[in-house]
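See below for work14.txt, which holds compact mmCIF, C-alpha atoms.
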```txt
# COMPACT_ATOMS: atom_id res chain seq x y z
CA MET B 1 45.92 89.36 216.70
CA LEU B 2 47.81 90.47 213.61
CA VAL B 3 46.39 93.17 211.36
CA THR B 4 46.77 91.95 207.78
CA ARG B 5 45.84 92.77 204.19
CA GLU B 6 45.91 90.23 201.35
CA LEU B 7 48.04 91.41 198.45
CA THR B 8 46.58 88.98 195.90
CA PRO B 9 43.86 86.32 196.25
CA GLU B 10 46.35 83.41 196.18
CA ILE B 11 49.67 84.67 197.53
CA GLY B 12 51.10 87.47 199.63
CA THR B 13 49.92 89.23 202.79
CA GLN B 14 50.96 92.60 204.18
CA VAL B 15 51.24 92.67 207.97
CA LEU B 16 50.92 95.88 209.94
CA ILE B 17 53.42 95.45 212.75
CA ASP B 18 56.29 97.49 214.14
CA ALA B 19 59.95 96.51 214.44
CA GLU B 20 59.79 96.12 218.20
CA ALA B 21 57.02 93.51 218.00
CA LEU B 22 58.82 91.64 215.22
CA VAL B 23 62.06 91.42 217.15
CA ALA B 24 60.33 90.46 220.40
CA GLY B 25 58.59 87.54 218.69
CA ALA B 26 55.22 88.65 220.00
CA HIS B 27 53.43 87.15 217.00
CA ALA B 28 55.97 84.57 215.86
CA ASP B 29 53.57 81.61 215.82
CA GLU B 30 50.94 83.58 213.90
CA LEU B 31 53.53 84.78 211.39
CA ARG B 32 54.89 81.27 210.86
CA ASP B 33 51.40 79.89 210.21
CA LEU B 34 50.53 82.81 207.94
CA LEU B 35 53.74 82.30 205.99
CA VAL B 36 52.87 78.68 205.16
CA GLU B 37 49.31 79.65 204.30
CA ARG B 38 50.08 82.70 202.14
CA GLY B 39 53.66 82.11 200.94
CA VAL B 40 54.88 85.71 201.30
CA ILE B 41 54.67 88.22 204.16
CA VAL B 42 55.42 91.92 203.61
CA VAL B 43 56.13 94.48 206.34
CA ARG B 44 56.49 97.99 204.95
CA ASP B 45 58.74 100.54 206.69
CA ALA B 46 60.18 97.99 209.11
CA HIS B 47 63.70 99.45 208.81
CA LEU B 48 65.35 96.54 210.64
CA ASN B 49 69.11 96.70 211.10
CA ASP B 50 71.13 93.50 210.79
CA ASP B 51 70.92 92.66 214.49
CA GLN B 52 67.17 93.19 214.50
CA GLN B 53 66.71 91.09 211.38
CA ARG B 54 68.73 88.29 212.95
CA ALA B 55 66.70 88.50 216.16
CA PHE B 56 63.45 88.40 214.18
CA VAL B 57 64.49 85.34 212.15
CA ALA B 58 65.46 83.60 215.38
CA THR B 59 61.82 83.90 216.51
CA ILE B 60 60.73 81.99 213.38
CA GLY B 61 63.32 79.23 213.60
CA GLU B 62 67.03 78.45 213.86
CA VAL B 63 69.14 80.99 211.96
CA ARG B 64 70.67 79.18 209.01
CA LEU B 65 74.47 79.02 208.77
CA GLY B 66 74.62 76.10 206.36
CA THR B 67 76.68 77.39 203.42
CA LYS B 68 80.20 78.73 203.09
CA TYR B 69 78.69 82.16 202.40
CA GLU B 70 76.41 82.19 205.43
CA ALA B 71 78.63 80.74 208.13
CA PRO B 72 81.29 83.51 208.32
CA THR B 73 78.65 86.28 208.41
CA GLY B 74 76.29 84.90 211.03
CA GLY B 75 73.96 83.95 208.18
CA MET B 76 73.61 87.47 206.75
CA ILE B 77 74.34 87.94 203.05
CA SER B 78 74.36 91.30 201.26
CA ILE B 79 72.74 90.93 197.84
CA SER B 80 72.79 93.17 194.81
CA GLU B 81 72.31 90.64 192.02
CA ILE B 82 73.28 86.97 191.95
CA ALA B 83 73.82 85.15 188.66
CA GLY B 84 70.79 83.09 187.70
CA THR B 85 68.31 84.71 190.09
CA ALA B 86 66.54 86.45 187.19
CA PHE B 87 64.88 83.09 186.49
CA TRP B 88 62.27 81.30 188.60
CA HIS B 89 63.88 79.14 191.28
CA THR B 90 63.76 77.71 194.78
CA ASP B 91 66.94 78.20 196.82
CA ASN B 92 69.28 75.30 197.57
CA MET B 93 67.91 72.65 195.23
CA TYR B 94 71.09 70.57 195.45
CA ILE B 95 70.83 69.55 199.10
CA ASP B 96 68.47 67.49 201.22
CA LEU B 97 67.30 70.24 203.58
CA PRO B 98 66.49 73.63 202.01
CA PRO B 99 65.94 76.75 204.13
CA PHE B 100 62.39 77.37 205.32
CA ALA B 101 61.75 81.08 205.89
CA GLU B 102 63.87 83.54 203.93
CA THR B 103 63.95 87.26 204.66
CA LEU B 104 65.15 90.28 202.72
CA THR B 105 65.44 93.84 204.02
CA ALA B 106 65.87 96.65 201.53
CA LYS B 107 68.80 99.01 202.14
CA VAL B 108 69.22 100.57 198.68
CA VAL B 109 66.80 100.16 195.74
CA PRO B 110 67.10 101.25 192.10
CA GLY B 111 64.84 103.90 190.64
CA ARG B 112 63.31 101.41 188.21
CA GLY B 113 63.11 97.62 188.11
CA GLY B 114 64.71 95.25 190.58
CA GLN B 115 61.41 93.92 191.90
CA THR B 116 61.17 90.43 193.34
CA GLU B 117 58.40 88.12 192.16
CA PHE B 118 57.05 85.09 193.99
CA ALA B 119 54.92 82.20 192.70
CA ASP B 120 52.86 79.85 194.89
CA THR B 121 53.79 76.23 194.12
CA TYR B 122 51.17 74.90 196.57
CA ALA B 123 48.28 76.66 194.86
CA ALA B 124 49.61 75.83 191.40
CA PHE B 125 49.72 72.10 192.19
CA GLU B 126 46.29 72.14 193.79
CA ALA B 127 44.82 73.76 190.65
CA LEU B 128 45.89 70.81 188.46
CA ASP B 129 43.54 68.01 187.51
CA PRO B 130 43.56 65.31 190.24
CA ALA B 131 44.59 62.60 187.77
CA GLU B 132 47.57 64.67 186.66
CA GLN B 133 48.50 65.38 190.27
CA GLU B 134 48.78 61.66 190.96
CA HIS B 135 50.81 61.04 187.81
CA LEU B 136 53.22 63.88 188.55
CA ALA B 137 53.71 62.53 192.06
CA THR B 138 55.38 59.44 190.55
CA LEU B 139 58.08 61.44 188.69
CA GLU B 140 61.61 62.48 189.64
CA VAL B 141 63.57 65.43 188.25
CA VAL B 142 67.30 66.06 188.05
CA HIS B 143 68.23 69.57 189.23
CA SER B 144 71.63 71.06 188.47
CA MET B 145 73.42 74.36 188.85
CA LYS B 146 74.71 74.00 185.29
CA THR B 147 71.15 73.93 183.95
CA ALA B 148 70.41 77.20 185.77
CA MET B 149 73.65 78.92 184.79
CA ASP B 150 73.35 77.91 181.13
CA ARG B 151 70.48 80.41 180.95
CA PHE B 152 72.66 83.22 182.31
CA PHE B 153 76.18 82.60 180.95
CA PHE B 154 76.51 82.07 177.21
CA ASP B 155 80.25 81.28 177.18
CA PRO B 156 81.30 79.88 180.56
CA THR B 157 84.87 79.04 181.45
CA LEU B 158 86.05 75.51 182.15
CA GLU B 159 86.49 76.46 185.80
CA GLN B 160 82.87 77.66 185.98
CA LEU B 161 81.61 74.45 184.39
CA GLU B 162 83.63 72.32 186.79
CA GLU B 163 82.19 74.20 189.78
CA TRP B 164 78.61 74.03 188.51
CA MET B 165 78.84 70.30 187.89
CA LYS B 166 79.48 69.72 191.59
CA HIS B 167 75.91 70.80 192.37
CA LYS B 168 73.41 68.25 191.14
CA ARG B 169 70.60 66.36 192.84
CA THR B 170 67.56 64.27 191.91
CA GLN B 171 64.38 65.49 193.62
CA PRO B 172 60.72 64.43 193.41
CA LEU B 173 58.61 66.53 191.06
CA VAL B 174 55.94 66.75 193.76
CA TRP B 175 56.85 67.65 197.34
CA ARG B 176 54.71 65.74 199.88
CA HIS B 177 54.95 68.09 202.84
CA LEU B 178 54.73 67.12 206.48
CA ASN B 179 51.62 69.32 206.78
CA GLY B 180 49.82 67.02 204.33
CA ARG B 181 49.81 69.44 201.37
CA ARG B 182 51.73 69.00 198.14
CA SER B 183 53.60 71.43 195.90
CA LEU B 184 55.64 71.40 192.71
CA ILE B 185 59.46 71.30 192.73
CA ILE B 186 60.36 73.02 189.46
CA GLY B 187 62.22 76.08 188.18
CA THR B 188 65.36 77.08 186.34
CA THR B 189 67.46 74.35 187.98
CA ALA B 190 65.22 71.57 186.60
CA SER B 191 67.24 69.71 183.97
CA HIS B 192 65.05 66.76 183.00
CA VAL B 193 62.53 64.22 184.18
CA VAL B 194 64.18 60.90 184.96
CA GLY B 195 63.35 58.22 182.39
CA MET B 196 61.37 60.53 180.09
CA HIS B 197 62.23 61.37 176.49
CA PRO B 198 64.07 64.73 176.44
CA ALA B 199 61.44 66.37 174.22
CA ASP B 200 58.57 65.21 176.44
CA SER B 201 60.53 66.18 179.55
CA LYS B 202 61.13 69.72 178.32
CA GLU B 203 57.51 70.11 177.27
CA LEU B 204 56.25 68.97 180.68
CA LEU B 205 58.64 71.11 182.74
CA ASP B 206 58.00 74.18 180.57
CA ARG B 207 54.24 73.68 180.83
CA LEU B 208 54.31 73.28 184.61
CA LEU B 209 56.49 76.36 185.03
CA ALA B 210 54.18 78.42 182.81
CA HIS B 211 51.19 77.16 184.80
CA THR B 212 52.80 77.98 188.16
CA THR B 213 53.94 81.46 187.15
CA GLN B 214 50.70 82.66 185.60
CA PRO B 215 49.48 85.94 187.15
CA ARG B 216 46.92 84.32 189.49
CA PHE B 217 49.70 82.58 191.45
CA VAL B 218 52.24 85.45 191.44
CA TYR B 219 52.96 88.40 193.73
CA ARG B 220 55.41 91.09 192.55
CA HIS B 221 57.03 93.17 195.28
CA GLU B 222 57.96 96.76 194.48
CA TRP B 223 60.79 97.49 196.88
CA ALA B 224 61.10 100.58 199.06
CA VAL B 225 63.94 101.21 201.49
CA GLY B 226 63.03 99.73 204.86
CA ASP B 227 60.80 96.95 203.54
CA LEU B 228 60.98 93.48 205.07
CA VAL B 229 59.80 90.58 202.94
CA MET B 230 59.68 87.00 204.19
CA TRP B 231 58.78 84.00 202.02
CA ASP B 232 58.28 80.27 202.44
CA ASN B 233 61.12 78.81 200.38
CA THR B 234 59.47 75.38 200.60
CA GLY B 235 56.27 76.51 198.88
CA THR B 236 57.23 79.25 196.44
CA LEU B 237 59.43 80.11 193.49
CA HIS B 238 61.01 83.55 193.24
CA ARG B 239 62.97 85.65 190.77
CA LEU B 240 64.62 89.06 190.44
CA ARG B 241 63.32 91.41 187.76
CA PRO B 242 65.89 93.29 185.61
CA PHE B 243 67.25 96.68 186.60
CA ASP B 244 69.96 99.06 185.40
CA PRO B 245 73.26 97.63 186.77
CA ALA B 246 74.61 101.18 186.95
CA GLU B 247 72.11 101.85 189.73
CA PRO B 248 72.88 100.57 193.23
CA ARG B 249 70.72 97.83 194.76
CA GLU B 250 71.40 96.27 198.15
CA LEU B 251 69.26 93.91 200.18
CA HIS B 252 70.26 91.88 203.22
CA ARG B 253 69.20 88.24 203.28
CA LEU B 254 68.88 85.96 206.28
CA CYS B 255 67.19 82.54 206.39
CA SER B 256 65.85 80.15 208.96
CA GLU B 257 66.99 76.52 208.91
CA GLY B 258 64.96 73.96 207.02
CA VAL B 259 62.06 72.17 208.66
CA GLU B 260 61.67 69.27 206.22
CA THR B 261 63.56 67.63 203.39
CA PHE B 262 62.47 67.74 199.77
CA ARG B 263 61.06 64.27 200.34
CA GLY B 264 58.87 65.38 203.21
CA ALA B 265 60.93 63.98 206.04
CA ALA B 266 61.82 65.64 209.30
CA PRO B 267 65.42 66.96 209.31
CA GLN B 268 68.19 64.78 210.66
CA ALA B 269 71.24 66.27 212.38
CA ALA B 270 73.44 65.07 209.52
CA THR B 271 71.44 66.97 206.91
CA ARG B 272 71.76 70.36 208.56
CA ARG B 273 75.35 70.97 207.45
CA VAL B 274 75.51 71.29 203.69
CA GLY B 275 79.10 72.48 203.10
```
Would you mind giving the structure from this file in structure tokens?
Amino acid sequence: MLVTRELTPEIGTQVLIDAEALVAGAHADELRDLLVERGVIVVRDAHLNDDQQRAFVATIGEVRLGTKYEAPTGGMISISEIAGTAFWHTDNMYIDLPPFAETLTAKVVPGRGGQTEFADTYAAFEALDPAEQEHLATLEVVHSMKTAMDRFFFDPTLEQLEEWMKHKRTQPLVWRHLNGRRSLIIGTTASHVVGMHPADSKELLDRLLAHTTQPRFVYRHEWAVGDLVMWDNTGTLHRLRPFDPAEPRELHRLCSEGVETFRGAAPQAATRRVG
């Protein structure tokens, strides 16, 4: 049985486990269930190298190679800071099948800042009034890369705009998961609610984001070299906190393939390749 410690009442659990047990998959089923229940799992001082991280993710699910950035590297991406990640988001909003478990291992961390925050979109939805839950479940939202990047770039080039406009998808506002629970699909990519007046749409999306990211639903991770953090990308939002760009920051990211579409359907073979 895993030895655990809750990091907040709603989200985040630290697991006391060594690298050998992680890589061997000795507790893979328990970790997978805990991840869905608690949203974020933290293992301090794991110090996994890239091969070990890949082997660990493979115990959770199929290693994801879906994007042009992941495929050439065996799924591993080295991250310092990615444009737009300073704002609350779920990864891969513009496809049918988002990644399930995402992992980061800390290689270099800045002296100050650079934390990663996570917000529980399951718990946030479940805290809403039941009548509002049912109303929200009838709504659809357009998500676009341009909407996210408009918050980061104040004077984009035409080439940037053309690239961003390629990434756009309408998703339900409420995700009806295969496990029977529901969560909110919101964040910095959310452009507008379909069929709603722009002013009312902005007010609703801003209110839901503020509700979801209130302190009771948020875990902030203070990175130390060697940390492993895994989160359920289908039930959380996350964001990077600011840090001095003159200081180095390097984390290695690897994801497991998606287990359900944004519309709560089991994945089809055709949806696994996203270009």
Which one of B:Gly25, B:Pro99, B:Gly84, B:Pro172 sits closest to Ala58 (chain B) if you count only C-alpha atoms?
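The closest residue to Ala58 (chain B) is B:Gly25.
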Using only C-alpha atoms, can you tell me which of B:Asp51, B:Phe153, B:Thr59, B:Leu161 comes closest to Leu31 (chain B)?
B:Thr59
Using all atoms listed in the file, what residues lie at most 6 Å away from (63.6, 65.1, 193.0) (file coordinates), given as a ChimeraX atom specification?
/B:140-141,170-173
For CA of Phe87 (chain B) and CA of Arg239 (chain B), determine how far apart the two atoms are, in Å to one decimal place.
5.3 Å
Applying 7 Å and only C-alpha atoms, which residues near region 1-17 of chain B remain after dropping the ones on its own chain fewer than 6 positions away? List them as a ChimeraX atom specification.
/B:38-43,120,216-219
Could you check how far CA of Val229 (chain B) sits from CA of Tyr122 (chain B), in Å to one decimal?
19.0 Å
Excluding region 191-206 of chain B and any residue of its chain fewer than 2 positions from it, enumerate the residues within 7 Å of it, using all atoms listed in the file, and give them as an MDAnalysis selection string.
chainID B and resid 139:144 147 189 208:210
Would you mind exporting C-alpha atoms of the selected residues as a short mmCIF file (atom, residue, chain, number, x, y, z; two decimals), in the frame of the given file?
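That gives us result-v5.cif:
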```
data_model
loop_
_atom_site.label_atom_id
_atom_site.label_comp_id
_atom_site.auth_asym_id
_atom_site.auth_seq_id
_atom_site.Cartn_x
_atom_site.Cartn_y
_atom_site.Cartn_z
CA LEU B 139 58.08 61.44 188.69
CA GLU B 140 61.61 62.48 189.64
CA VAL B 141 63.57 65.43 188.25
CA VAL B 142 67.30 66.06 188.05
CA HIS B 143 68.23 69.57 189.23
CA SER B 144 71.63 71.06 188.47
CA THR B 147 71.15 73.93 183.95
CA THR B 189 67.46 74.35 187.98
CA LEU B 208 54.31 73.28 184.61
CA LEU B 209 56.49 76.36 185.03
CA ALA B 210 54.18 78.42 182.81
#
```
Can you pull out every residue within 12 Å of Glu134 (chain B), counting all atoms listed in the file, but drop anything in the same chain fewer than 5 positions away, and send it as an NGL selection string?
:B and (125-126 or 128-129 or 139 or 173-176 or 182-183)
Please indicate the distance in Å from CA of Met93 (chain B) to CA of Arg32 (chain B), rounded to one decimal place.
22.1 Å
Where's the centre, and what are the edge lengths in Å to one decimal, of a box along x, y and z enclosing all listed atoms of region 233-250 of chain B padded 8 Å per side, as JSON?
```
{"center_x": 65.4, "center_y": 88.6, "center_z": 193.0, "size_x": 34.3, "size_y": 42.5, "size_z": 31.2}
```
Who sits within 9 Å of Glu102 (chain B), only C-alpha atoms, same chain under 4 positions skipped, as a list in words:
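Residues meeting the cut-off are Val57, Val229, Met230, Trp231, Asp232, Asn233, Arg253, Leu254, Cys255 and Ser256 of chain B.
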Please list as a VMD selection string every residue within 7 Å of region 109-112 of chain B, counting all atoms listed in the file and excluding residues in the same chain fewer than 6 positions away.
chain B and resid 223 to 225 243 247 to 250
Selected residue of minimal separation from Asp150 (chain B) among B:Leu65, B:Ala190, B:Gly114, B:Ala124, counting all atoms listed in the file
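That would be B:Ala190, the residue with the smallest distance to Asp150 (chain B).
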